[in-house]
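Participant: Dropping in input-v2.cif, with mmCIF, C-alpha atoms.
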```cif
data_run
#
loop_
_atom_site.label_atom_id
_atom_site.label_comp_id
_atom_site.auth_asym_id
_atom_site.auth_seq_id
_atom_site.Cartn_x
_atom_site.Cartn_y
_atom_site.Cartn_z
CA MET K 1 -15.80 -51.60 31.25
CA SER K 2 -14.42 -54.58 29.31
CA GLN K 3 -16.28 -57.88 29.59
CA LEU K 4 -14.60 -60.29 32.00
CA PRO K 5 -14.51 -64.04 31.33
CA HIS K 6 -16.90 -66.03 33.53
CA ARG K 7 -15.24 -68.04 36.33
CA SER K 8 -16.21 -71.29 34.54
CA HIS K 9 -13.79 -70.22 31.79
CA TYR K 10 -10.75 -70.74 34.03
CA THR K 11 -8.82 -73.98 34.60
CA TRP K 12 -7.90 -75.50 37.96
CA ARG K 13 -4.45 -73.90 37.55
CA THR K 14 -5.97 -70.40 37.71
CA TRP K 15 -8.04 -71.34 40.75
CA PHE K 16 -4.88 -72.71 42.40
CA THR K 17 -2.98 -69.51 41.53
CA PHE K 18 -5.75 -67.44 43.09
CA LEU K 19 -6.39 -69.50 46.23
CA VAL K 20 -3.00 -70.72 47.47
CA PRO K 21 -0.92 -67.48 47.46
CA SER K 22 -3.93 -65.45 48.64
CA LEU K 23 -4.63 -67.81 51.56
CA ILE K 24 -0.95 -67.76 52.54
CA GLY K 25 -1.05 -63.96 52.38
CA VAL K 26 -4.20 -63.84 54.53
CA PHE K 27 -2.57 -66.13 57.08
CA LEU K 28 0.67 -64.10 57.23
CA PHE K 29 -0.80 -60.59 57.24
CA MET K 30 -4.36 -60.82 58.51
CA THR K 31 -4.79 -63.85 60.80
CA PRO K 32 -4.65 -62.98 64.51
CA ILE K 33 -2.63 -65.40 66.62
CA SER K 34 -2.01 -65.45 70.36
CA THR K 35 1.54 -65.09 71.69
CA SER K 36 3.03 -64.50 75.12
CA GLN K 37 2.99 -60.76 74.29
CA GLY K 38 -0.67 -60.81 73.25
CA MET K 39 -2.52 -60.92 69.93
CA THR K 40 -0.52 -60.31 66.76
CA ILE K 41 -0.10 -61.65 63.20
CA PRO K 42 2.41 -64.21 61.86
CA ILE K 43 4.41 -61.62 59.88
CA ALA K 44 5.00 -59.69 63.12
CA VAL K 45 6.19 -62.88 64.85
CA MET K 46 8.56 -63.53 61.93
CA ALA K 47 9.80 -59.94 62.15
CA LYS K 48 10.60 -60.41 65.85
CA ALA K 49 12.49 -63.60 64.98
CA VAL K 50 14.57 -61.68 62.42
CA GLN K 51 15.29 -59.01 65.06
CA ALA K 52 16.40 -61.71 67.51
CA MET K 53 18.74 -63.19 64.87
CA MET K 54 20.31 -59.78 64.30
CA LEU K 55 20.65 -59.01 68.01
CA GLY K 56 23.78 -56.94 68.48
CA SER K 57 24.36 -56.34 64.75
CA ALA K 58 21.10 -54.64 63.66
CA GLN K 59 22.30 -51.12 64.41
CA ALA K 60 25.56 -51.65 62.49
CA ILE K 61 23.71 -53.09 59.47
CA ILE K 62 21.16 -50.26 59.47
CA THR K 63 23.83 -47.56 59.85
CA LEU K 64 25.76 -49.11 56.96
CA ILE K 65 22.62 -49.14 54.78
CA ILE K 66 21.86 -45.49 55.60
CA CYS K 67 25.47 -44.50 54.78
CA ILE K 68 25.50 -46.47 51.51
CA THR K 69 22.24 -44.78 50.53
CA GLY K 70 23.63 -41.31 51.26
CA VAL K 71 26.96 -41.84 49.49
CA ILE K 72 25.54 -43.48 46.35
CA SER K 73 22.77 -40.84 46.17
CA VAL K 74 25.41 -38.08 46.16
CA ILE K 75 27.47 -39.89 43.50
CA THR K 76 24.33 -40.38 41.39
CA LYS K 77 23.25 -36.75 41.72
CA VAL K 78 26.65 -35.25 40.96
CA PHE K 79 28.25 -37.68 38.48
CA LYS K 80 25.22 -39.54 37.02
CA PRO K 81 27.11 -42.83 36.42
CA ALA K 82 25.72 -44.89 33.54
CA ALA K 83 25.67 -48.09 35.63
CA ILE K 84 23.04 -46.51 37.90
CA CYS K 85 21.18 -44.29 35.43
CA ASN K 86 20.69 -47.16 32.96
CA SER K 87 19.30 -49.51 35.62
CA PRO K 88 15.61 -48.81 36.39
CA LEU K 89 15.95 -50.28 39.90
CA LEU K 90 19.15 -48.44 40.88
CA LYS K 91 17.93 -45.19 39.33
CA HIS K 92 14.68 -45.49 41.27
CA LEU K 93 16.58 -46.13 44.53
CA PHE K 94 19.31 -43.50 44.30
CA ASP K 95 18.33 -40.77 41.80
CA VAL K 96 16.34 -38.46 44.10
CA SER K 97 15.61 -34.73 44.23
CA TRP K 98 17.94 -32.30 46.03
CA THR K 99 15.47 -32.09 48.92
CA TRP K 100 15.41 -35.85 49.48
CA LEU K 101 19.19 -36.00 49.03
CA LEU K 102 19.54 -33.49 51.89
CA VAL K 103 17.18 -35.57 54.05
CA ARG K 104 19.23 -38.71 53.32
CA LEU K 105 22.46 -36.91 54.25
CA PHE K 106 20.94 -35.74 57.54
CA GLY K 107 19.88 -39.33 58.17
CA MET K 108 23.42 -40.50 57.45
CA ALA K 109 24.92 -37.88 59.79
CA PHE K 110 22.47 -38.66 62.60
CA GLY K 111 23.00 -42.40 62.12
CA LEU K 112 26.81 -42.19 62.21
CA MET K 113 26.83 -39.91 65.26
CA THR K 114 24.36 -42.08 67.15
CA TYR K 115 26.05 -45.39 66.30
CA SER K 116 29.54 -44.13 67.15
CA GLY K 117 28.39 -42.19 70.22
CA MET K 118 30.44 -39.23 68.95
CA GLY K 119 28.22 -36.20 68.66
CA SER K 120 25.95 -33.81 70.45
CA GLU K 121 24.03 -35.38 73.35
CA MET K 122 20.96 -33.66 71.94
CA ILE K 123 21.22 -35.83 68.80
CA ILE K 124 22.49 -39.15 70.18
CA SER K 125 20.65 -39.40 73.52
CA SER K 126 18.37 -42.31 74.44
CA SER K 127 15.31 -40.11 73.92
CA THR K 128 16.28 -38.88 70.42
CA GLY K 129 18.70 -40.51 67.94
CA ALA K 130 19.32 -43.64 70.02
CA LEU K 131 15.58 -44.19 70.37
CA VAL K 132 15.23 -44.15 66.58
CA LEU K 133 18.34 -46.20 65.76
CA ASN K 134 18.19 -48.74 68.58
CA ASP K 135 14.46 -49.21 69.14
CA LEU K 136 12.52 -48.14 66.05
CA LEU K 137 14.68 -48.89 63.00
CA PRO K 138 15.45 -52.56 63.82
CA VAL K 139 11.70 -53.18 64.01
CA LEU K 140 11.05 -51.36 60.73
CA PHE K 141 14.02 -53.06 59.04
CA SER K 142 12.70 -56.55 59.81
CA VAL K 143 9.14 -55.58 58.83
CA PHE K 144 10.35 -54.02 55.55
CA ILE K 145 12.36 -57.11 54.60
CA LEU K 146 9.59 -59.60 55.33
CA ALA K 147 6.60 -57.52 54.28
CA GLY K 148 8.38 -56.39 51.13
CA LEU K 149 9.21 -59.95 50.10
CA LEU K 150 5.86 -61.48 51.04
CA LEU K 151 3.41 -58.68 50.26
CA PRO K 152 2.94 -59.81 46.62
CA LEU K 153 1.17 -62.90 47.99
CA LEU K 154 -1.53 -60.63 49.36
CA ILE K 155 -1.85 -58.13 46.53
CA ASN K 156 -0.92 -59.88 43.26
CA PHE K 157 -3.15 -62.94 43.02
CA GLY K 158 -6.72 -61.63 43.21
CA LEU K 159 -7.46 -61.34 46.92
CA LEU K 160 -7.60 -57.53 46.86
CA GLU K 161 -9.81 -57.63 43.80
CA LEU K 162 -12.21 -60.02 45.56
CA ALA K 163 -12.30 -58.09 48.85
CA GLY K 164 -12.26 -54.73 47.11
CA THR K 165 -15.31 -55.42 44.96
CA LEU K 166 -17.20 -56.92 47.91
CA MET K 167 -16.40 -53.94 50.18
CA THR K 168 -16.95 -51.16 47.62
CA LYS K 169 -20.56 -50.55 48.67
CA VAL K 170 -19.34 -49.77 52.20
CA MET K 171 -15.95 -48.09 51.70
CA ARG K 172 -16.86 -45.88 48.73
CA PRO K 173 -19.98 -44.10 50.09
CA VAL K 174 -18.84 -43.92 53.73
CA PHE K 175 -15.13 -43.12 53.37
CA GLY K 176 -14.74 -42.17 49.70
CA VAL K 177 -12.13 -44.86 48.98
CA PRO K 178 -12.09 -48.17 47.06
CA GLY K 179 -13.21 -51.35 48.80
CA ARG K 180 -9.71 -52.86 48.55
CA SER K 181 -8.50 -50.33 51.14
CA ALA K 182 -10.30 -52.42 53.77
CA VAL K 183 -7.46 -54.95 53.42
CA ASP K 184 -4.85 -52.22 54.09
CA CYS K 185 -6.74 -51.24 57.23
CA THR K 186 -7.07 -54.81 58.48
CA ALA K 187 -3.34 -55.50 58.00
CA SER K 188 -2.52 -52.33 59.98
CA TRP K 189 -5.07 -53.04 62.69
CA LEU K 190 -3.91 -56.61 63.30
CA GLY K 191 -0.24 -56.12 62.54
CA ASP K 192 1.50 -52.78 62.11
CA GLY K 193 0.76 -49.39 60.56
CA SER K 194 3.95 -49.56 58.51
CA VAL K 195 2.59 -52.64 56.71
CA GLY K 196 -0.56 -50.71 55.78
CA ILE K 197 1.48 -47.79 54.42
CA LEU K 198 3.68 -50.16 52.41
CA MET K 199 0.57 -51.80 50.91
CA THR K 200 -1.00 -48.43 50.11
CA ALA K 201 2.18 -47.07 48.52
CA LYS K 202 2.62 -50.13 46.30
CA GLN K 203 -1.00 -50.08 45.15
CA TYR K 204 -0.76 -46.36 44.42
CA GLU K 205 2.33 -46.98 42.28
CA GLN K 206 0.45 -49.79 40.51
CA LYS K 207 -2.37 -47.32 39.71
CA HIS K 208 -5.04 -48.95 41.87
CA TYR K 209 -5.52 -45.73 43.88
CA THR K 210 -5.80 -42.11 42.79
CA GLN K 211 -3.71 -39.40 44.45
CA ARG K 212 -6.63 -38.47 46.71
CA GLU K 213 -7.42 -42.08 47.61
CA ALA K 214 -3.78 -42.91 48.43
CA ALA K 215 -3.47 -39.80 50.62
CA ILE K 216 -6.72 -40.65 52.46
CA ILE K 217 -5.83 -44.31 53.00
CA GLY K 218 -2.23 -43.58 54.04
CA THR K 219 -3.24 -40.95 56.61
CA THR K 220 -6.51 -42.52 57.80
CA PHE K 221 -6.45 -46.30 57.49
CA SER K 222 -2.88 -47.15 58.53
CA ALA K 223 -4.25 -47.76 62.00
CA VAL K 224 -2.23 -48.53 65.11
CA SER K 225 -2.04 -52.24 65.85
CA ILE K 226 -3.90 -53.88 68.71
CA THR K 227 -0.57 -54.96 70.22
CA PHE K 228 0.91 -51.46 70.32
CA SER K 229 -2.35 -50.06 71.70
CA LEU K 230 -1.93 -52.44 74.63
CA VAL K 231 1.65 -51.19 75.13
CA VAL K 232 0.42 -47.57 75.23
CA LEU K 233 -2.33 -48.44 77.71
CA GLY K 234 0.15 -50.32 79.89
CA GLN K 235 2.36 -47.23 80.03
CA VAL K 236 -0.49 -45.26 81.68
CA LYS K 237 -1.30 -48.18 84.04
CA LEU K 238 -4.81 -48.83 82.69
CA GLU K 239 -4.40 -52.30 81.16
CA TYR K 240 -7.59 -53.51 82.85
CA LEU K 241 -9.57 -51.08 80.65
CA PHE K 242 -8.32 -52.49 77.34
CA ALA K 243 -11.73 -53.53 75.95
CA PRO K 244 -13.42 -50.12 76.49
CA PHE K 245 -10.17 -48.39 75.46
CA TYR K 246 -9.97 -50.15 72.09
CA ALA K 247 -13.70 -49.68 71.51
CA THR K 248 -13.12 -45.95 72.07
CA VAL K 249 -10.14 -45.91 69.68
CA CYS K 250 -12.17 -47.69 66.97
CA LEU K 251 -15.17 -45.35 67.36
CA ALA K 252 -13.01 -42.21 67.30
CA GLY K 253 -11.04 -43.57 64.33
CA ILE K 254 -14.21 -44.25 62.34
CA VAL K 255 -15.55 -40.74 63.05
CA ALA K 256 -12.23 -39.23 61.92
CA ALA K 257 -12.17 -41.46 58.81
CA ILE K 258 -15.62 -40.17 57.80
CA ILE K 259 -14.95 -36.47 58.42
CA VAL K 260 -11.23 -35.74 57.76
CA PRO K 261 -11.19 -36.84 54.06
CA ARG K 262 -14.02 -34.38 53.39
CA LEU K 263 -11.93 -31.45 54.70
CA PRO K 264 -8.85 -29.74 53.24
CA PRO K 265 -6.13 -30.75 52.50
CA LEU K 266 -7.38 -34.27 51.61
CA ARG K 267 -10.52 -32.91 49.97
CA PHE K 268 -8.45 -30.98 47.42
CA LYS K 269 -6.20 -33.86 46.37
CA LYS K 270 -6.55 -34.72 42.68
CA ASP K 271 -8.59 -37.74 41.64
CA LEU K 272 -5.88 -38.73 39.17
CA LEU K 273 -3.55 -41.72 39.08
CA ILE K 274 0.18 -41.45 39.85
CA ASP K 275 0.98 -40.67 36.20
CA GLY K 276 -1.69 -37.95 35.98
CA THR K 277 -4.18 -40.04 33.98
CA GLU K 278 -7.87 -40.48 34.76
CA PRO K 279 -8.92 -43.67 36.58
CA ASP K 280 -11.50 -45.99 35.08
CA ARG K 281 -14.74 -44.62 36.55
CA ASP K 282 -16.63 -47.82 35.68
CA ALA K 283 -14.11 -50.16 37.30
CA GLU K 284 -16.31 -50.69 40.36
CA ALA K 285 -19.59 -51.06 38.46
CA ILE K 286 -21.32 -54.45 38.72
CA PRO K 287 -22.88 -55.78 35.50
CA ASP K 288 -26.66 -56.21 35.64
CA HIS K 289 -26.53 -59.95 34.93
CA LYS K 290 -24.05 -60.74 37.75
CA SER K 291 -24.26 -61.01 41.52
CA LEU K 292 -21.84 -59.00 43.68
CA PHE K 293 -19.93 -62.09 44.80
CA GLY K 294 -19.89 -63.65 41.32
CA HIS K 295 -18.50 -60.46 39.79
CA SER K 296 -15.93 -60.17 42.59
CA LEU K 297 -14.76 -63.72 41.92
CA ASP K 298 -14.50 -63.11 38.17
CA ILE K 299 -12.29 -60.06 38.76
CA ALA K 300 -10.12 -61.98 41.23
CA LEU K 301 -9.62 -64.90 38.83
CA ALA K 302 -8.79 -62.55 35.95
CA LYS K 303 -6.07 -61.00 38.15
CA ALA K 304 -4.71 -64.44 39.09
CA ASP K 305 -4.73 -65.55 35.45
CA ASN K 306 -2.56 -62.54 34.51
CA SER K 307 -0.17 -62.81 37.48
CA THR K 308 3.57 -62.75 36.86
CA GLY K 309 4.25 -66.19 38.30
CA VAL K 310 6.88 -67.27 40.81
CA LYS K 311 9.82 -65.48 39.16
CA GLY K 312 7.93 -62.20 38.76
CA THR K 313 6.62 -62.40 42.32
CA ILE K 314 10.11 -62.93 43.78
CA LYS K 315 11.48 -60.08 41.65
CA GLU K 316 8.72 -57.71 42.80
CA GLY K 317 9.18 -58.77 46.43
CA LEU K 318 12.90 -58.01 46.29
CA HIS K 319 12.17 -54.65 44.64
CA ASN K 320 9.65 -53.83 47.40
CA ALA K 321 12.12 -54.72 50.16
CA LEU K 322 15.01 -52.76 48.63
CA ASP K 323 12.75 -49.79 47.98
CA MET K 324 11.69 -49.58 51.63
CA VAL K 325 15.11 -50.38 53.14
CA PHE K 326 17.13 -47.90 51.06
CA GLY K 327 14.40 -45.34 50.50
CA VAL K 328 12.71 -45.11 53.88
CA LEU K 329 15.22 -46.01 56.63
CA PRO K 330 17.35 -42.84 56.06
CA VAL K 331 14.17 -40.70 56.05
CA VAL K 332 12.95 -42.18 59.34
CA MET K 333 16.40 -41.65 60.89
CA ALA K 334 16.48 -38.00 59.80
CA VAL K 335 12.86 -36.95 60.34
CA GLY K 336 12.31 -39.07 63.47
CA THR K 337 15.45 -37.81 65.21
CA PHE K 338 14.72 -34.19 64.29
CA ALA K 339 11.14 -34.41 65.56
CA LEU K 340 12.27 -35.96 68.84
CA ILE K 341 14.95 -33.28 69.31
CA ILE K 342 12.25 -30.62 68.99
CA ALA K 343 10.01 -32.49 71.44
CA GLU K 344 12.74 -33.10 74.02
CA HIS K 345 14.82 -29.93 73.86
CA THR K 346 12.47 -27.12 72.92
CA PRO K 347 9.19 -25.82 74.38
CA ILE K 348 7.59 -25.67 70.92
CA PHE K 349 5.10 -28.51 71.46
CA GLN K 350 4.28 -27.19 74.94
CA TYR K 351 3.43 -23.77 73.49
CA LEU K 352 1.44 -25.36 70.67
CA GLY K 353 -0.60 -27.27 73.23
CA MET K 354 -1.60 -24.19 75.25
CA PRO K 355 -4.56 -23.22 72.98
CA PHE K 356 -6.09 -26.63 73.75
CA VAL K 357 -6.49 -25.84 77.48
CA PRO K 358 -9.91 -24.10 77.06
CA PHE K 359 -11.04 -26.93 74.76
CA LEU K 360 -10.05 -29.54 77.34
CA GLU K 361 -11.75 -27.55 80.11
CA LEU K 362 -14.90 -27.35 77.98
CA LEU K 363 -14.80 -31.15 77.70
CA GLN K 364 -14.40 -31.29 81.51
CA VAL K 365 -11.05 -33.06 81.31
CA PRO K 366 -9.33 -33.10 84.75
CA GLU K 367 -5.81 -31.59 84.92
CA ALA K 368 -6.40 -29.83 81.59
CA ALA K 369 -3.16 -27.81 81.71
CA ALA K 370 -1.01 -30.94 82.17
CA ALA K 371 -3.00 -32.79 79.50
CA SER K 372 -2.53 -29.95 76.98
CA GLN K 373 1.26 -30.44 77.06
CA THR K 374 0.84 -33.98 75.71
CA ILE K 375 -1.45 -33.16 72.78
CA MET K 376 0.96 -31.71 70.23
CA VAL K 377 3.98 -33.78 71.22
CA GLY K 378 2.23 -36.77 69.65
CA PHE K 379 3.19 -35.31 66.27
CA ALA K 380 6.81 -36.16 67.09
CA ASP K 381 6.20 -39.64 68.48
CA MET K 382 3.12 -41.60 69.52
CA PHE K 383 4.62 -42.95 72.71
CA ILE K 384 5.78 -39.64 74.27
CA PRO K 385 2.27 -38.49 75.35
CA SER K 386 1.82 -41.70 77.36
CA ILE K 387 5.22 -41.23 78.99
CA LEU K 388 4.31 -37.65 79.99
CA ALA K 389 0.88 -38.83 81.21
CA THR K 390 2.37 -41.06 83.92
CA THR K 391 2.62 -38.01 86.24
CA ILE K 392 -1.10 -37.25 85.87
CA GLU K 393 -3.27 -38.61 88.70
CA SER K 394 -6.68 -38.72 87.00
CA ASP K 395 -7.54 -42.07 85.38
CA VAL K 396 -9.94 -40.26 83.04
CA THR K 397 -7.21 -37.92 81.78
CA ARG K 398 -4.66 -40.70 81.34
CA PHE K 399 -7.28 -42.72 79.42
CA ILE K 400 -7.98 -39.72 77.16
CA ILE K 401 -4.28 -39.04 76.51
CA ALA K 402 -3.55 -42.70 75.68
CA ALA K 403 -6.54 -42.99 73.32
CA MET K 404 -5.79 -39.62 71.70
CA SER K 405 -2.14 -40.51 71.02
CA VAL K 406 -3.27 -43.67 69.19
CA THR K 407 -6.02 -41.99 67.12
CA GLN K 408 -3.89 -38.97 66.12
CA LEU K 409 -2.07 -41.48 63.88
CA ILE K 410 0.37 -39.05 62.21
CA TYR K 411 3.60 -39.19 64.21
CA MET K 412 6.86 -38.23 62.54
CA SER K 413 9.12 -40.83 64.16
CA GLU K 414 7.44 -43.55 62.07
CA VAL K 415 4.14 -43.08 60.17
CA GLY K 416 4.88 -39.50 59.08
CA ALA K 417 8.40 -40.36 57.96
CA LEU K 418 7.14 -43.46 56.11
CA LEU K 419 4.51 -41.40 54.29
CA LEU K 420 7.08 -38.74 53.34
CA GLY K 421 9.50 -41.43 52.17
CA SER K 422 6.86 -43.06 49.96
CA LYS K 423 5.34 -41.75 46.73
CA ILE K 424 2.00 -41.05 48.44
CA PRO K 425 1.34 -37.36 47.60
CA VAL K 426 1.49 -35.66 51.02
CA ASN K 427 3.97 -33.14 52.43
CA ILE K 428 4.92 -32.34 56.01
CA LEU K 429 2.63 -29.28 56.27
CA GLU K 430 -0.35 -31.33 55.08
CA LEU K 431 0.50 -34.06 57.58
CA PHE K 432 0.57 -31.48 60.38
CA ILE K 433 -2.84 -30.11 59.35
CA ILE K 434 -4.29 -33.64 59.20
CA PHE K 435 -2.81 -34.31 62.66
CA ILE K 436 -4.56 -31.20 64.04
CA LEU K 437 -7.85 -32.12 62.38
CA ARG K 438 -7.72 -35.66 63.73
CA THR K 439 -7.01 -34.29 67.21
CA LEU K 440 -9.91 -31.82 67.14
CA ILE K 441 -12.35 -34.43 65.79
CA THR K 442 -11.38 -37.41 67.96
CA LEU K 443 -10.88 -35.57 71.27
CA PRO K 444 -14.60 -34.91 71.97
CA VAL K 445 -15.47 -38.53 71.12
CA ILE K 446 -12.71 -39.86 73.39
CA ALA K 447 -13.58 -37.47 76.24
CA LEU K 448 -17.25 -38.45 76.07
CA MET K 449 -16.38 -42.16 76.16
CA ALA K 450 -13.84 -41.64 78.97
CA HIS K 451 -16.38 -39.85 81.20
CA TRP K 452 -18.88 -42.62 80.51
CA LEU K 453 -16.54 -45.60 80.88
CA VAL K 454 -13.95 -44.43 83.42
CA GLY K 455 -15.33 -41.39 85.23
#
```
Before we go any further, please render this structure as structure tokens.
Facilitator:
Amino acid sequence: MSQLPHRSHYTWRTWFTFLVPSLIGVFLFMTPISTSQGMTIPIAVMAKAVQAMMLGSAQAIITLIICITGVISVITKVFKPAAICNSPLLKHLFDVSWTWLLVRLFGMAFGLMTYSGMGSEMIISSSTGALVLNDLLPVLFSVFILAGLLLPLLINFGLLELAGTLMTKVMRPVFGVPGRSAVDCTASWLGDGSVGILMTAKQYEQKHYTQREAAIIGTTFSAVSITFSLVVLGQVKLEYLFAPFYATVCLAGIVAAIIVPRLPPLRFKKDLLIDGTEPDRDAEAIPDHKSLFGHSLDIALAKADNSTGVKGTIKEGLHNALDMVFGVLPVVMAVGTFALIIAEHTPIFQYLGMPFVPFLELLQVPEAAAASQTIMVGFADMFIPSILATTIESDVTRFIIAAMSVTQLIYMSEVGALLLGSKIPVNILELFIIFILRTLITLPVIALMAHWLVG
């Protein structure tokens, strides 16, 4: 490991570069504030303001973006125009594989049919395509724009280096990931899982995470926000149990975060960077003559000293936003709608849930047969299990279903589609296996807590 300059080496300008953007980033992404809807973070409030400004036009804008993405991707794939191929940004946005081109075209078709109202009811109904286009995508669009533009404040000026070095002694031995992933988790927990995935994807592309670490963090630490957990609990009419509910979710999530990365498929992911090179194995080592905090501060200041400045930060922010808007929105439209069609119009998830009946009975879950029908449908969308649970009479069972839907984490209408649309190395089969593993591991923890707290 190369010798870092001591913090006394740096001028006030470097300290300013480290402190001011980092503190703004902490405020925007990690500081809980109270609103009329409950606890959230400033970036989420700003995202809601953007949604309010676009009221009535968001769906048209998003449909147009999805169509532009599909059309230009086809033109790029077939004709390879020099204007796109010679531009690193445009080539990155529109030169995709045949598989992703097909996904983008499905997203374009679903988006056009849903927006125009001209298509199969199965595709455009309020529980499938319209749910994605009208309810989910406007939220993601505003988050992508703001988080994309402002995320460099959090990750480019030394804060992650400071927090990462300080947290390494906890995160590395317990979860097998770098300390800096604690920041991803906190941003997800206080704000939104999509923010955590965006942070993880960008750091993976910048070679801060290996393939295995990015896959673990993206599927394990992009936790559901406190705000959305309250929405889920409200759906099953158990708002008064929020404190024990969230304690249960946190406990089950920690257990899953310890166990799941040590099982296939995450266990077999390569410990190589995005370009196939070996990471610096000594990067987290602390020199003998330095304290943990002193070394953390030296690393943070070195990062700030080498930052790209205002122009580079704005350029990277715009690149982030465009990458998510053009690269991910069509994927969420396609994958989210398809998953919801399967959930709403086929008995596939119901059949997949049947093997869980004996497991639920073993855990002494009341109305086990009804509960089993909600388990697998969470793979399509996190909110559907809570909707189905409203017909269940037992408070214990509704508590278990609500907590399970939050801790399963991998749902294709948002998190799954975001992961597939990013460069994080996971495929849909691996996501399904991780979803099953998380369900099997968290369910006993949740059931035990439910019997203790509610029963």
Participant: What is the distance, in Å and to one decimal place, between CA of Ser394 (chain K) and CA of Ala447 (chain K)?
Facilitator: 12.8 Å
Participant: My list of candidates is K:Ala214, K:Ala82, K:Ala304, K:Ile33. Which is closest to Ile424 (chain K) when distances are computed with only C-alpha atoms?
Facilitator: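 When distances to Ile424 (chain K) are compared using only C-alpha atoms, the smallest one comes from K:Ala214.
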Participant: When you count only C-alpha atoms, which of these residues is closest to Val174 (chain K): K:Ile274, K:Val445, K:Phe94, K:Ala256?
Facilitator: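 Selected residue with least distance to Val174 (chain K): K:Ala256.
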Participant: Could you work out how far CA of Arg267 (chain K) lies from CA of Gly176 (chain K), giving the answer in Å with one decimal?
Facilitator: 10.2 Å
Participant: Counting all atoms listed in the file, which residues have an atom no more than 10 Å from (-8.7, -30.9, 61.5) in the file's coordinates? Please list them as JSON, numbers by chain.
Facilitator: {"K": [256, 259, 260, 261, 263, 264, 265, 432, 433, 434, 435, 436, 437, 438, 439, 440, 441, 442]}
Participant: Save out the residues we just selected, C-alpha atoms, as an mmCIF file, keeping the file's coordinate frame.
Facilitator:
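Saved to result06.cif:
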```
data_model
loop_
_atom_site.group_PDB
_atom_site.id
_atom_site.type_symbol
_atom_site.label_atom_id
_atom_site.label_comp_id
_atom_site.auth_asym_id
_atom_site.auth_seq_id
_atom_site.Cartn_x
_atom_site.Cartn_y
_atom_site.Cartn_z
ATOM 1 C CA ALA K 256 -12.230 -39.230 61.920
ATOM 2 C CA ILE K 259 -14.950 -36.470 58.420
ATOM 3 C CA VAL K 260 -11.230 -35.740 57.760
ATOM 4 C CA PRO K 261 -11.190 -36.840 54.060
ATOM 5 C CA LEU K 263 -11.930 -31.450 54.700
ATOM 6 C CA PRO K 264 -8.850 -29.740 53.240
ATOM 7 C CA PRO K 265 -6.130 -30.750 52.500
ATOM 8 C CA PHE K 432 0.570 -31.480 60.380
ATOM 9 C CA ILE K 433 -2.840 -30.110 59.350
ATOM 10 C CA ILE K 434 -4.290 -33.640 59.200
ATOM 11 C CA PHE K 435 -2.810 -34.310 62.660
ATOM 12 C CA ILE K 436 -4.560 -31.200 64.040
ATOM 13 C CA LEU K 437 -7.850 -32.120 62.380
ATOM 14 C CA ARG K 438 -7.720 -35.660 63.730
ATOM 15 C CA THR K 439 -7.010 -34.290 67.210
ATOM 16 C CA LEU K 440 -9.910 -31.820 67.140
ATOM 17 C CA ILE K 441 -12.350 -34.430 65.790
ATOM 18 C CA THR K 442 -11.380 -37.410 67.960
#
```
Participant: Could you check which of K:Ser386, K:Gln373, K:Ser307, K:Thr76 is closest to Phe18 (chain K), using only C-alpha atoms?
Facilitator: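 Checking each candidate against Phe18 (chain K), we get K:Ser307 as the closest.
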Participant: State, in Å with one decimal place, the distance from CA of Asp395 (chain K) to CA of Pro355 (chain K).
Facilitator: 22.8 Å
Participant: Between K:Val177, K:Ala130, K:Ala334, K:Leu160, which residue has the minimum interatomic distance to Ser296 (chain K), considering all atoms listed in the file?
Facilitator: K:Leu160
Participant: Under the rule that all atoms listed in the file are counted, which of K:Ile299, K:Ile216, K:Ile428, K:Ile41 is the nearest residue to Asp271 (chain K)?
Facilitator: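 Closest to Asp271 (chain K), using all atoms listed in the file: K:Ile216.
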Participant: Here is a test: counting all atoms listed in the file, which residue of K:Gly353, K:Gly309, K:Gly158, K:Gly70 is nearest to Leu19 (chain K)?
Facilitator: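 Result for the nearest residue to Leu19 (chain K): K:Gly158.
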Participant: The PyMOL selection byres ((chain K and resi 240-247) around 10) - which residues does that actually catch in the file I just gave you? List them as a list in words.
Facilitator: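 So the PyMOL selection byres ((chain K and resi 240-247) around 10) ends up selecting Ile226, Ser229, Leu230, Leu233, Gly234, Lys237, Leu238, Glu239, Thr248, Val249, Cys250, Leu251, Ala252, Gly253, Phe399, Ile400, Ala402, Ala403, Val406, Ile446, Met449, Ala450, Leu453 and Val454 of chain K.
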Participant: Give me the residues near region 116-125 of chain K as a VMD selection string, where near means some atom within 12 Å (using only C-alpha atoms) and where sequence neighbours in that chain fewer than 2 positions away do not count.
Facilitator: chain K and resid 59 to 60 63 to 64 106 to 107 109 to 114 127 to 134 333 to 346
Participant: Excluding His319 (chain K) and its own-chain neighbours fewer than 3 positions away, which residues fall within 8 Å of it when counting only C-alpha atoms? Please give them as a PDB file with C-alpha atoms, in the coordinates of the input.
Facilitator:
```pdb
ATOM      1  CA  LEU K  89      15.950 -50.280  39.900  1.00  0.00           C
ATOM      2  CA  GLY K 148       8.380 -56.390  51.130  1.00  0.00           C
ATOM      3  CA  LYS K 315      11.480 -60.080  41.650  1.00  0.00           C
ATOM      4  CA  GLU K 316       8.720 -57.710  42.800  1.00  0.00           C
ATOM      5  CA  LEU K 322      15.010 -52.760  48.630  1.00  0.00           C
ATOM      6  CA  ASP K 323      12.750 -49.790  47.980  1.00  0.00           C
TER       7      ASP K 323
END
```
Participant: Output the residue selection produced by the PyMOL selection byres ((chain K and resi 213) around 12) on the file above, formatted as a ChimeraX atom specification.
Facilitator: /K:171-172,175-181,200-201,203-204,207-212,214-221,261-262,266-274,279,424-426
